[in-house]
$ cat input_18.cif   # mmCIF, C-alpha atoms
data_coords
#
loop_
_atom_site.label_atom_id
_atom_site.label_comp_id
_atom_site.auth_asym_id
_atom_site.auth_seq_id
_atom_site.Cartn_x
_atom_site.Cartn_y
_atom_site.Cartn_z
CA MET A 1 -5.87 -69.17 -29.73
CA ALA A 2 -9.16 -68.05 -28.15
CA HIS A 3 -7.18 -66.45 -25.33
CA LEU A 4 -5.04 -64.47 -27.80
CA LEU A 5 -8.14 -63.38 -29.72
CA PHE A 6 -9.76 -62.16 -26.48
CA LEU A 7 -6.66 -60.10 -25.59
CA SER A 8 -6.56 -58.60 -29.09
CA VAL A 9 -10.22 -57.55 -28.90
CA LEU A 10 -9.73 -56.13 -25.39
CA PHE A 11 -6.68 -54.11 -26.47
CA SER A 12 -8.54 -52.73 -29.49
CA THR A 13 -11.50 -51.77 -27.28
CA LEU A 14 -9.25 -49.92 -24.86
CA LEU A 15 -7.56 -48.03 -27.68
CA TYR A 16 -10.94 -47.06 -29.14
CA SER A 17 -12.36 -45.95 -25.79
CA GLN A 18 -9.32 -43.77 -25.09
CA ALA A 19 -9.47 -42.22 -28.56
CA ALA A 20 -13.22 -41.67 -28.30
CA ALA A 21 -13.08 -40.18 -24.79
CA PRO A 22 -13.33 -36.39 -24.90
CA ALA A 23 -10.19 -34.51 -23.93
CA ARG A 24 -10.24 -32.73 -20.61
CA PRO A 25 -11.27 -29.14 -21.27
CA ALA A 26 -8.40 -26.68 -20.98
CA TYR A 27 -8.74 -23.81 -18.56
CA LEU A 28 -9.49 -20.55 -20.32
CA ASP A 29 -6.56 -18.18 -19.90
CA GLY A 30 -5.79 -15.41 -22.39
CA PHE A 31 -6.97 -12.31 -24.22
CA LEU A 32 -10.59 -11.82 -25.15
CA ALA A 33 -11.18 -11.66 -28.89
CA ASN A 34 -9.42 -8.46 -30.00
CA GLY A 35 -8.79 -7.86 -26.33
CA ASN A 36 -5.71 -5.75 -27.12
CA PHE A 37 -7.64 -3.61 -29.66
CA GLU A 38 -4.96 -4.05 -32.30
CA GLU A 39 -7.68 -4.89 -34.85
CA GLY A 40 -9.21 -1.50 -35.49
CA PRO A 41 -12.32 -0.19 -37.24
CA LYS A 42 -12.34 0.38 -40.97
CA PRO A 43 -11.33 3.94 -41.92
CA SER A 44 -14.86 4.52 -43.22
CA ASN A 45 -16.17 3.79 -39.70
CA LEU A 46 -14.01 6.43 -38.02
CA LYS A 47 -14.71 10.17 -37.69
CA LYS A 48 -11.26 11.29 -36.58
CA THR A 49 -10.93 9.00 -33.53
CA VAL A 50 -14.66 8.45 -32.82
CA ILE A 51 -16.01 5.04 -33.87
CA ILE A 52 -19.16 5.24 -35.99
CA GLY A 53 -21.45 2.20 -35.81
CA LYS A 54 -22.45 -0.22 -33.06
CA TYR A 55 -20.44 -3.13 -34.51
CA SER A 56 -17.55 -1.19 -36.04
CA LEU A 57 -14.96 -2.17 -33.41
CA PRO A 58 -14.13 -5.78 -34.37
CA LYS A 59 -15.38 -8.42 -31.87
CA TRP A 60 -16.98 -5.73 -29.67
CA VAL A 61 -20.37 -4.03 -29.41
CA ILE A 62 -20.16 -0.34 -28.56
CA SER A 63 -22.64 2.16 -27.15
CA GLY A 64 -22.19 5.92 -26.93
CA MET A 65 -19.05 7.80 -27.85
CA VAL A 66 -16.16 5.35 -28.01
CA GLU A 67 -12.84 6.46 -29.47
CA TYR A 68 -10.15 4.32 -31.09
CA VAL A 69 -6.91 5.98 -30.07
CA SER A 70 -3.18 5.48 -30.46
CA GLY A 71 -0.52 5.99 -27.82
CA GLY A 72 1.51 9.18 -27.54
CA PRO A 73 0.74 12.91 -27.84
CA GLN A 74 -2.82 13.81 -28.88
CA PRO A 75 -4.06 16.84 -30.88
CA ASP A 76 -6.01 18.19 -27.87
CA GLY A 77 -2.92 18.26 -25.67
CA PHE A 78 -3.40 14.92 -23.93
CA TYR A 79 -0.76 12.23 -23.79
CA PHE A 80 -2.02 8.65 -23.86
CA ALA A 81 0.23 6.05 -22.27
CA ILE A 82 -0.58 2.69 -23.88
CA PRO A 83 2.23 0.47 -22.62
CA ARG A 84 0.80 -2.88 -23.76
CA GLY A 85 0.25 -2.10 -27.42
CA ALA A 86 -0.28 0.60 -29.98
CA HIS A 87 -4.05 1.16 -29.68
CA ALA A 88 -6.79 1.46 -27.06
CA ALA A 89 -10.49 2.25 -26.61
CA ARG A 90 -11.51 5.39 -24.74
CA LEU A 91 -15.00 5.52 -23.24
CA GLY A 92 -16.70 8.90 -23.34
CA ASN A 93 -19.65 10.01 -21.21
CA GLU A 94 -21.94 7.04 -20.50
CA ALA A 95 -20.25 4.99 -23.23
CA SER A 96 -19.58 1.25 -23.07
CA ILE A 97 -18.06 -1.69 -24.91
CA SER A 98 -19.35 -5.27 -24.58
CA GLN A 99 -18.44 -8.76 -25.71
CA ALA A 100 -20.28 -12.10 -25.37
CA ILE A 101 -18.08 -15.06 -24.43
CA ASN A 102 -18.64 -18.77 -23.91
CA LEU A 103 -18.03 -19.90 -20.32
CA LYS A 104 -18.77 -22.84 -18.00
CA PRO A 105 -21.72 -22.17 -15.65
CA GLY A 106 -20.75 -22.30 -11.99
CA LYS A 107 -17.04 -21.68 -12.60
CA VAL A 108 -15.15 -18.68 -11.25
CA TYR A 109 -13.52 -16.40 -13.81
CA SER A 110 -11.31 -13.36 -13.43
CA LEU A 111 -11.00 -10.53 -15.90
CA THR A 112 -7.63 -8.79 -16.14
CA PHE A 113 -7.73 -5.39 -17.80
CA ALA A 114 -5.58 -2.28 -18.16
CA ALA A 115 -7.50 0.88 -17.29
CA THR A 116 -6.22 4.44 -16.96
CA ARG A 117 -7.88 7.80 -16.47
CA THR A 118 -7.23 10.37 -19.16
CA CYS A 119 -8.35 13.62 -17.51
CA ALA A 120 -7.73 15.34 -14.20
CA GLN A 121 -11.31 14.76 -13.09
CA ASP A 122 -12.36 11.81 -11.01
CA GLU A 123 -13.16 8.94 -13.33
CA VAL A 124 -14.99 5.70 -12.66
CA LEU A 125 -15.10 2.49 -14.67
CA ARG A 126 -18.01 0.07 -14.19
CA VAL A 127 -17.30 -3.58 -14.99
CA SER A 128 -20.21 -6.00 -15.40
CA ALA A 129 -20.46 -9.74 -15.98
CA ALA A 130 -22.93 -12.49 -15.02
CA ASN A 131 -25.37 -10.18 -13.21
CA ARG A 132 -22.55 -8.64 -11.15
CA SER A 133 -21.02 -5.21 -11.49
CA SER A 134 -18.48 -3.07 -9.71
CA GLU A 135 -17.42 0.54 -10.01
CA LEU A 136 -13.68 1.15 -9.93
CA PRO A 137 -12.46 4.55 -8.79
CA ILE A 138 -9.44 4.85 -11.06
CA GLN A 139 -8.34 8.37 -10.14
CA THR A 140 -5.51 6.91 -8.01
CA LEU A 141 -2.60 5.86 -10.22
CA TYR A 142 -0.36 3.15 -8.78
CA SER A 143 1.98 3.16 -11.80
CA SER A 144 3.31 6.49 -13.00
CA ASP A 145 3.50 5.31 -16.62
CA GLY A 146 -0.25 4.73 -16.83
CA GLY A 147 0.23 0.99 -16.71
CA ASP A 148 -2.29 0.10 -13.99
CA THR A 149 -3.90 -3.31 -14.42
CA TYR A 150 -6.94 -4.54 -12.48
CA ALA A 151 -8.69 -7.86 -11.86
CA PHE A 152 -12.42 -8.46 -11.44
CA ALA A 153 -13.83 -11.91 -10.55
CA PHE A 154 -17.29 -13.38 -11.06
CA VAL A 155 -19.13 -16.71 -11.23
CA ALA A 156 -20.52 -17.62 -14.65
CA THR A 157 -24.29 -18.14 -14.49
CA SER A 158 -24.81 -19.31 -18.07
CA ARG A 159 -22.87 -20.63 -21.04
CA ARG A 160 -23.11 -17.29 -22.80
CA THR A 161 -21.92 -14.35 -20.70
CA VAL A 162 -21.74 -10.71 -21.71
CA VAL A 163 -18.82 -8.71 -20.32
CA THR A 164 -19.30 -4.94 -20.29
CA PHE A 165 -17.01 -2.00 -19.54
CA HIS A 166 -18.97 1.20 -18.97
CA ASN A 167 -18.15 4.79 -18.14
CA PRO A 168 -21.08 5.91 -15.95
CA GLY A 169 -19.75 9.43 -15.47
CA VAL A 170 -20.81 12.67 -17.05
CA GLN A 171 -17.82 15.03 -17.34
CA GLU A 172 -17.69 18.63 -18.53
CA ASP A 173 -15.49 17.45 -21.37
CA PRO A 174 -17.45 14.65 -23.12
CA ALA A 175 -14.20 13.25 -24.50
CA CYS A 176 -12.89 12.55 -20.99
CA GLY A 177 -13.14 8.97 -19.90
CA PRO A 178 -11.18 5.86 -18.99
CA LEU A 179 -8.77 4.24 -21.41
CA LEU A 180 -8.81 0.46 -21.97
CA ASP A 181 -5.83 -1.08 -23.75
CA ALA A 182 -5.81 -4.79 -22.84
CA ILE A 183 -8.50 -7.22 -21.60
CA ALA A 184 -7.97 -10.91 -20.75
CA ILE A 185 -9.87 -13.62 -18.88
CA LYS A 186 -8.87 -16.65 -16.83
CA GLU A 187 -10.84 -19.58 -15.43
CA MET A 188 -9.83 -20.28 -11.85
CA PRO A 189 -8.86 -23.92 -11.21
CA PRO A 190 -10.20 -25.58 -8.04
CA LEU A 191 -8.27 -24.97 -4.84
CA ARG A 192 -6.54 -27.84 -3.07
CA TYR A 193 -4.61 -28.04 0.18
CA ALA A 194 -0.87 -28.53 -0.12
CA PRO A 195 0.45 -31.38 2.07
CA GLY A 196 1.26 -30.14 5.56
CA ASN A 197 -0.31 -26.70 5.08
CA LEU A 198 -3.71 -25.53 6.37
CA VAL A 199 -3.59 -22.41 4.17
CA LYS A 200 -5.15 -22.60 0.72
CA ASN A 201 -3.17 -20.98 -2.08
CA GLY A 202 -0.52 -19.93 0.44
CA GLY A 203 2.05 -19.50 -2.32
CA PHE A 204 -0.36 -17.36 -4.39
CA GLU A 205 0.22 -19.59 -7.41
CA ILE A 206 -3.46 -19.40 -8.40
CA GLY A 207 -4.46 -15.89 -9.39
CA PRO A 208 -5.62 -13.69 -12.27
CA HIS A 209 -4.15 -13.64 -15.75
CA VAL A 210 -0.84 -11.75 -15.96
CA PHE A 211 0.15 -10.13 -19.24
CA LYS A 212 3.26 -11.89 -20.52
CA ASN A 213 5.04 -9.11 -22.39
CA TYR A 214 4.42 -6.23 -20.00
CA SER A 215 3.39 -6.23 -16.36
CA THR A 216 3.42 -3.78 -13.48
CA GLY A 217 1.40 -6.32 -11.50
CA VAL A 218 -2.36 -6.82 -11.25
CA LEU A 219 -4.33 -4.77 -8.71
CA LEU A 220 -6.78 -6.91 -6.71
CA LEU A 221 -9.84 -4.95 -5.69
CA PRO A 222 -11.00 -4.77 -2.06
CA LYS A 223 -14.03 -6.91 -1.27
CA ILE A 224 -16.21 -3.78 -1.11
CA HIS A 225 -15.72 -3.58 -4.88
CA ASP A 226 -15.37 -7.28 -5.72
CA ILE A 227 -17.07 -9.80 -3.40
CA ILE A 228 -15.63 -12.76 -5.32
CA SER A 229 -11.87 -12.62 -4.92
CA PRO A 230 -9.65 -12.92 -8.01
CA LEU A 231 -7.10 -14.43 -5.61
CA PRO A 232 -8.77 -17.73 -4.63
CA GLY A 233 -8.72 -18.49 -0.91
CA TRP A 234 -7.90 -14.91 0.06
CA ILE A 235 -9.85 -11.76 0.94
CA VAL A 236 -8.66 -8.24 0.18
CA GLU A 237 -10.32 -6.65 3.20
CA SER A 238 -9.01 -3.10 3.00
CA LEU A 239 -9.69 0.25 1.39
CA LYS A 240 -6.89 -0.04 -1.16
CA PRO A 241 -6.08 -2.90 -3.53
CA ALA A 242 -3.30 -5.43 -3.14
CA LYS A 243 -1.03 -6.19 -6.10
CA TYR A 244 -0.54 -9.64 -7.66
CA ILE A 245 3.00 -9.93 -9.05
CA ASP A 246 4.70 -12.63 -11.14
CA SER A 247 8.25 -13.98 -11.16
CA LYS A 248 8.87 -12.92 -14.78
CA HIS A 249 8.63 -9.22 -14.00
CA PHE A 250 9.41 -9.15 -10.25
CA SER A 251 11.50 -10.99 -7.71
CA VAL A 252 9.34 -13.36 -5.64
CA PRO A 253 10.55 -15.59 -2.78
CA THR A 254 9.22 -18.90 -4.14
CA GLY A 255 7.23 -20.16 -7.10
CA LEU A 256 5.72 -18.04 -9.85
CA ALA A 257 3.78 -15.36 -7.96
CA ALA A 258 3.45 -13.34 -4.76
CA ILE A 259 1.50 -10.41 -3.28
CA GLU A 260 2.78 -6.84 -2.98
CA LEU A 261 1.11 -4.75 -0.26
CA VAL A 262 1.08 -1.42 -2.09
CA GLY A 263 -1.32 0.66 0.01
CA GLY A 264 0.42 0.78 3.39
CA ARG A 265 -2.03 0.38 6.29
CA GLU A 266 -4.87 0.66 3.79
CA THR A 267 -3.96 -2.68 2.15
CA ALA A 268 -4.61 -5.95 3.97
CA ILE A 269 -5.24 -9.51 2.86
CA ALA A 270 -6.74 -12.27 4.97
CA GLN A 271 -7.77 -15.91 4.98
CA ILE A 272 -9.93 -17.87 7.42
CA ILE A 273 -8.57 -21.37 8.10
CA ARG A 274 -10.00 -24.39 9.91
CA THR A 275 -8.50 -24.98 13.35
CA VAL A 276 -9.11 -27.01 16.52
CA PRO A 277 -9.73 -24.94 19.66
CA ASN A 278 -6.90 -24.94 22.22
CA LYS A 279 -4.47 -26.56 19.77
CA ALA A 280 -1.10 -24.96 19.03
CA TYR A 281 -0.17 -23.94 15.48
CA ARG A 282 2.73 -22.24 13.77
CA LEU A 283 2.38 -19.64 11.03
CA SER A 284 5.33 -19.02 8.72
CA PHE A 285 5.71 -16.62 5.80
CA THR A 286 8.29 -14.63 3.86
CA ILE A 287 8.44 -10.89 3.18
CA GLY A 288 10.81 -8.84 1.03
CA ASP A 289 10.89 -6.53 -1.96
CA GLY A 290 10.08 -7.25 -5.60
CA LYS A 291 13.38 -6.00 -7.03
CA ASN A 292 11.50 -3.02 -8.38
CA ASP A 293 13.39 -0.16 -6.70
CA CYS A 294 11.01 -0.16 -3.73
CA HIS A 295 13.22 0.97 -0.90
CA GLY A 296 13.21 1.85 2.79
CA SER A 297 12.35 0.28 6.13
CA MET A 298 9.51 -2.12 5.49
CA MET A 299 7.34 -3.78 8.10
CA VAL A 300 4.59 -6.37 7.71
CA GLU A 301 2.31 -7.06 10.65
CA ALA A 302 0.69 -10.50 10.78
CA PHE A 303 -2.23 -11.59 12.95
CA ALA A 304 -3.25 -15.17 13.78
CA GLY A 305 -6.01 -15.56 16.34
CA LYS A 306 -5.03 -13.38 19.31
CA GLU A 307 -1.33 -13.32 18.44
CA THR A 308 0.57 -10.85 16.28
CA VAL A 309 4.10 -10.36 14.98
CA LYS A 310 5.80 -7.39 13.35
CA VAL A 311 8.47 -8.33 10.81
CA LYS A 312 11.00 -5.76 9.59
CA HIS A 313 12.82 -5.78 6.28
CA GLU A 314 15.36 -3.19 5.19
CA SER A 315 14.92 -2.90 1.45
CA THR A 316 17.39 -1.58 -1.08
CA GLY A 317 15.07 -2.58 -3.91
CA LYS A 318 17.29 -5.44 -5.05
CA GLY A 319 15.06 -8.44 -4.32
CA ALA A 320 16.08 -9.63 -0.82
CA PHE A 321 13.75 -11.53 1.53
CA THR A 322 13.18 -12.12 5.25
CA PRO A 323 11.51 -15.25 6.70
CA ALA A 324 9.20 -15.00 9.71
CA ASN A 325 7.03 -17.19 11.93
CA LEU A 326 4.49 -16.95 14.73
CA LYS A 327 3.16 -19.54 17.19
CA PHE A 328 -0.49 -19.22 18.19
CA ILE A 329 -3.22 -21.11 20.06
CA ALA A 330 -6.52 -21.51 18.23
CA THR A 331 -9.52 -20.21 20.17
CA SER A 332 -12.23 -21.49 17.79
CA THR A 333 -12.85 -23.73 14.81
CA ARG A 334 -12.04 -20.83 12.50
CA THR A 335 -8.95 -18.64 12.72
CA ARG A 336 -8.37 -15.50 10.68
CA LEU A 337 -4.91 -14.81 9.27
CA THR A 338 -4.31 -11.17 8.33
CA PHE A 339 -1.32 -9.37 6.80
CA TYR A 340 -0.80 -5.66 6.18
CA SER A 341 2.04 -3.22 5.57
CA ALA A 342 2.77 -0.76 8.38
CA PHE A 343 4.30 1.92 6.12
CA TYR A 344 3.77 3.59 2.75
CA HIS A 345 6.42 3.22 0.06
CA THR A 346 7.27 4.56 -3.39
CA LYS A 347 9.99 3.69 -5.86
CA LEU A 348 13.44 5.14 -5.21
CA ASN A 349 13.53 7.32 -8.34
CA ASP A 350 9.80 7.59 -9.00
CA TYR A 351 7.72 9.00 -6.16
CA GLY A 352 4.55 8.68 -8.20
CA HIS A 353 4.81 4.88 -8.28
CA PHE A 354 3.36 3.18 -5.18
CA CYS A 355 4.97 -0.03 -4.00
CA GLY A 356 5.40 -2.07 -0.83
CA PRO A 357 6.63 -5.26 0.81
CA VAL A 358 6.17 -8.59 -0.94
CA LEU A 359 4.39 -11.45 0.87
CA ASP A 360 4.76 -15.10 -0.10
CA ASP A 361 4.90 -18.72 1.06
CA VAL A 362 2.27 -18.53 3.83
CA LYS A 363 1.98 -21.79 5.78
CA VAL A 364 0.20 -23.00 8.94
CA TRP A 365 0.69 -26.39 10.55
CA TYR A 366 0.11 -28.22 13.85
CA VAL A 367 2.89 -27.83 16.41
#
$ encode --input "input_18.cif" --output "C-alpha cells"
Amino acid sequence: MAHLLFLSVLFSTLLYSQAAAPARPAYLDGFLANGNFEEGPKPSNLKKTVIIGKYSLPKWVISGMVEYVSGGPQPDGFYFAIPRGAHAARLGNEASISQAINLKPGKVYSLTFAATRTCAQDEVLRVSAANRSSELPIQTLYSSDGGDTYAFAFVATSRRTVVTFHNPGVQEDPACGPLLDAIAIKEMPPLRYAPGNLVKNGGFEIGPHVFKNYSTGVLLLPKIHDIISPLPGWIVESLKPAKYIDSKHFSVPTGLAAIELVGGRETAIAQIIRTVPNKAYRLSFTIGDGKNDCHGSMMVEAFAGKETVKVKHESTGKGAFTPANLKFIATSTRTRLTFYSAFYHTKLNDYGHFCGPVLDDVKVWYV
C-alpha cells in the first residue's frame, strides 16, 4: 500500500512540474504591429495623403512628412506599385517612422521589408535598430514591378528595441522618398552542423522572413551595408546583394529555400569552414534556375582553398538543376568557400527584372 501511495504522489508531482514548467518561447517570425500599413490614420489626421500628428499612424511613431498612400495612379502623375497590400507609407525629406518592439537581448534578428523608390532621383533608406544602422541605395530596382524586398540583421542589445526607417535625403521635390509597404521580423534560431557536413546552413534553410502571399525573393545586403548577415553562416561579400528565395514562389533544388545570384560577378557569397591542413575534402553543390523565366547560359564559379571549378547550366527558365563537386586540399585550419555568377541575366520577357543562377545544397566532407 505504501509503495502504491509513493507512486501516486510521484506521478502527481511529475504532472504538476510539467504543467508548471514554462513553455519554450516561440521564435518571433511575422509582421510588426501594423507592419503592412493596412490600419490607417483617422480621416481627421490626414491632410490629403500627409499624416498629421506624431502618433496618428497606428502602432508607429512618425517624424517629418510621412504620407499614407494607396497603390495605383496618383494625382501628381506618379504610379505607386504596392504589390503586397493596398496601402503604404512614403517617407518625405528627412522623415522617419519608428516602432518599439520586445526582443531577447543577445539574439540575432532580421528585418524583412519592402522598399521602393518613387522618383527618378537617387534615393536612400536608412534602417536602424539596436545601435546599428545602414543606408540602402535603393535606386537599383531588381524587380520591375516595384516588388523589391530587403533584409537587415542586428543583435538585440536590450529587451526593448526601437526599429527606425528614415529617409536621410533632401530632394528638390519634398514629396519624393522611399515607399514602405510591408515590414516583418524574424528571430534567427541557433546554427547547428548537419551530420556529415562541415558547412553550416548549407541548404539555406535558416534565413530571413519571407512574405507568404507574395514574394519576389529577399535581397540580402552586402556586408559593407550589413555586417551581421541575415543568412546565418554566410557572408555576402560583394557589391550587389544576393537573393534569398523560397520553394513556394520559386523552384529550389532541395528543401524550402535557396540563394539566387542576381548581380552577376558583383554578387558573391562565402563561408569560412574549419579544416585540417593537408587533408583532402570534397565540396558538392547544386546550381540551376528558379523557374522564374531566367534564361540563358549560366555559370557559377566556386572556390575552395586554392581550387576552383566552373559549372555551366543552360537555363530555359523552367526549373532544371545541375549538380557539381570539387576536390580540394586544405592548406590551413580555415578554408573559405566562395560562389559567384560569371554572367548577368534578366527574365526572358522582362529585361528590367534581374535574375541569376540558383545555388543550393552546399556540402563539404572528408575524402
$ closest_residue --input "input_18.cif" --among "A:Val252, A:Ala324, A:Ala302, A:Leu348" --to "Phe285 in chain A" --atoms "all atoms listed in the file"
A:Ala324
$ residues_around --input "input_18.cif" --residues "Phe343 in chain A" --least-positions-apart "6" --cutoff "8 Å" --atoms "all atoms listed in the file" --output "VMD selection string"
chain A and resid 264 to 265 298 to 299
$ closest_residue --input "input_18.cif" --among "A:Leu91, A:His353, A:Ser96, A:Gln139" --to "Lys54 in chain A" --atoms "all atoms listed in the file"
A:Ser96
$ residues_around --input "input_18.cif" --residues "Gly53 in chain A" --least-positions-apart "3" --cutoff "12 Å" --atoms "all atoms listed in the file" --output "JSON, numbers by chain"
{"A": [41, 42, 43, 44, 45, 46, 47, 50, 56, 57, 58, 60, 61, 62, 63, 64, 65, 66, 67]}
$ resolve_selection --input "input_18.cif" --expression "the PyMOL selection byres ((chain A and resi 110-114) around 9)" --output "VMD selection string"
chain A and resid 31 35 84 108 to 109 115 to 116 146 to 155 179 to 188 207 to 211 218 229 to 231
$ write_last_selection --input "input_18.cif" --atoms "C-alpha atoms" --output "tab-separated table (two decimals), keeping the file's coordinate frame"
chain	number	residue	atom	x	y	z
A	31	PHE	CA	-6.97	-12.31	-24.22
A	35	GLY	CA	-8.79	-7.86	-26.33
A	84	ARG	CA	0.80	-2.88	-23.76
A	108	VAL	CA	-15.15	-18.68	-11.25
A	109	TYR	CA	-13.52	-16.40	-13.81
A	115	ALA	CA	-7.50	0.88	-17.29
A	116	THR	CA	-6.22	4.44	-16.96
A	146	GLY	CA	-0.25	4.73	-16.83
A	147	GLY	CA	0.23	0.99	-16.71
A	148	ASP	CA	-2.29	0.10	-13.99
A	149	THR	CA	-3.90	-3.31	-14.42
A	150	TYR	CA	-6.94	-4.54	-12.48
A	151	ALA	CA	-8.69	-7.86	-11.86
A	152	PHE	CA	-12.42	-8.46	-11.44
A	153	ALA	CA	-13.83	-11.91	-10.55
A	154	PHE	CA	-17.29	-13.38	-11.06
A	155	VAL	CA	-19.13	-16.71	-11.23
A	179	LEU	CA	-8.77	4.24	-21.41
A	180	LEU	CA	-8.81	0.46	-21.97
A	181	ASP	CA	-5.83	-1.08	-23.75
A	182	ALA	CA	-5.81	-4.79	-22.84
A	183	ILE	CA	-8.50	-7.22	-21.60
A	184	ALA	CA	-7.97	-10.91	-20.75
A	185	ILE	CA	-9.87	-13.62	-18.88
A	186	LYS	CA	-8.87	-16.65	-16.83
A	187	GLU	CA	-10.84	-19.58	-15.43
A	188	MET	CA	-9.83	-20.28	-11.85
A	207	GLY	CA	-4.46	-15.89	-9.39
A	208	PRO	CA	-5.62	-13.69	-12.27
A	209	HIS	CA	-4.15	-13.64	-15.75
A	210	VAL	CA	-0.84	-11.75	-15.96
A	211	PHE	CA	0.15	-10.13	-19.24
A	218	VAL	CA	-2.36	-6.82	-11.25
A	229	SER	CA	-11.87	-12.62	-4.92
A	230	PRO	CA	-9.65	-12.92	-8.01
A	231	LEU	CA	-7.10	-14.43	-5.61
$ residues_near_point --input "input_18.cif" --point "(-13.9, 1.7, -10.5)" --cutoff "6 Å" --atoms "all atoms listed in the file" --output "list in words"
Val124, Leu125, Arg126, Glu135, Leu136, Pro137 and Ile138 of chain A
$ atom_distance --input "input_18.cif" --atom1 "CA of Ala89 in chain A" --atom2 "CA of Thr164 in chain A"
13.0 Å
$ closest_residue --input "input_18.cif" --among "A:Asn102, A:Thr335, A:Ser133, A:Asn167" --to "Arg274 in chain A" --atoms "all atoms listed in the file"
A:Thr335
$ closest_residue --input "input_18.cif" --among "A:Trp365, A:Phe250, A:Tyr340, A:Tyr351" --to "Lys318 in chain A" --atoms "only C-alpha atoms"
A:Phe250
$ closest_residue --input "input_18.cif" --among "A:Ala33, A:Ala320, A:His249, A:Leu337" --to "Lys200 in chain A" --atoms "all atoms listed in the file"
A:Leu337
$ resolve_selection --input "input_18.cif" --expression "the PyMOL selection byres ((chain A and resi 355) around 6)" --output "CSV table (one decimal) with C-alpha atoms, keeping the file's coordinate frame"
chain,number,residue,atom,x,y,z
A,262,VAL,CA,1.1,-1.4,-2.1
A,345,HIS,CA,6.4,3.2,0.1
A,346,THR,CA,7.3,4.6,-3.4
A,354,PHE,CA,3.4,3.2,-5.2
A,356,GLY,CA,5.4,-2.1,-0.8
$ closest_residue --input "input_18.cif" --among "A:Asp122, A:Ser215, A:Val199, A:Ser251" --to "Gly233 in chain A" --atoms "only C-alpha atoms"
A:Val199
$ atom_distance --input "input_18.cif" --atom1 "CA of Thr286 in chain A" --atom2 "CA of Ser341 in chain A"
13.1 Å
$ atom_distance --input "input_18.cif" --atom1 "CA of Asn201 in chain A" --atom2 "CA of Val300 in chain A"
19.2 Å
$ resolve_selection --input "input_18.cif" --expression "the PyMOL selection byres ((chain A and resi 247) around 12)" --output "ChimeraX atom specification"
/A:204-205,210,212,215-217,244-246,248-259,290-292,319,358,360
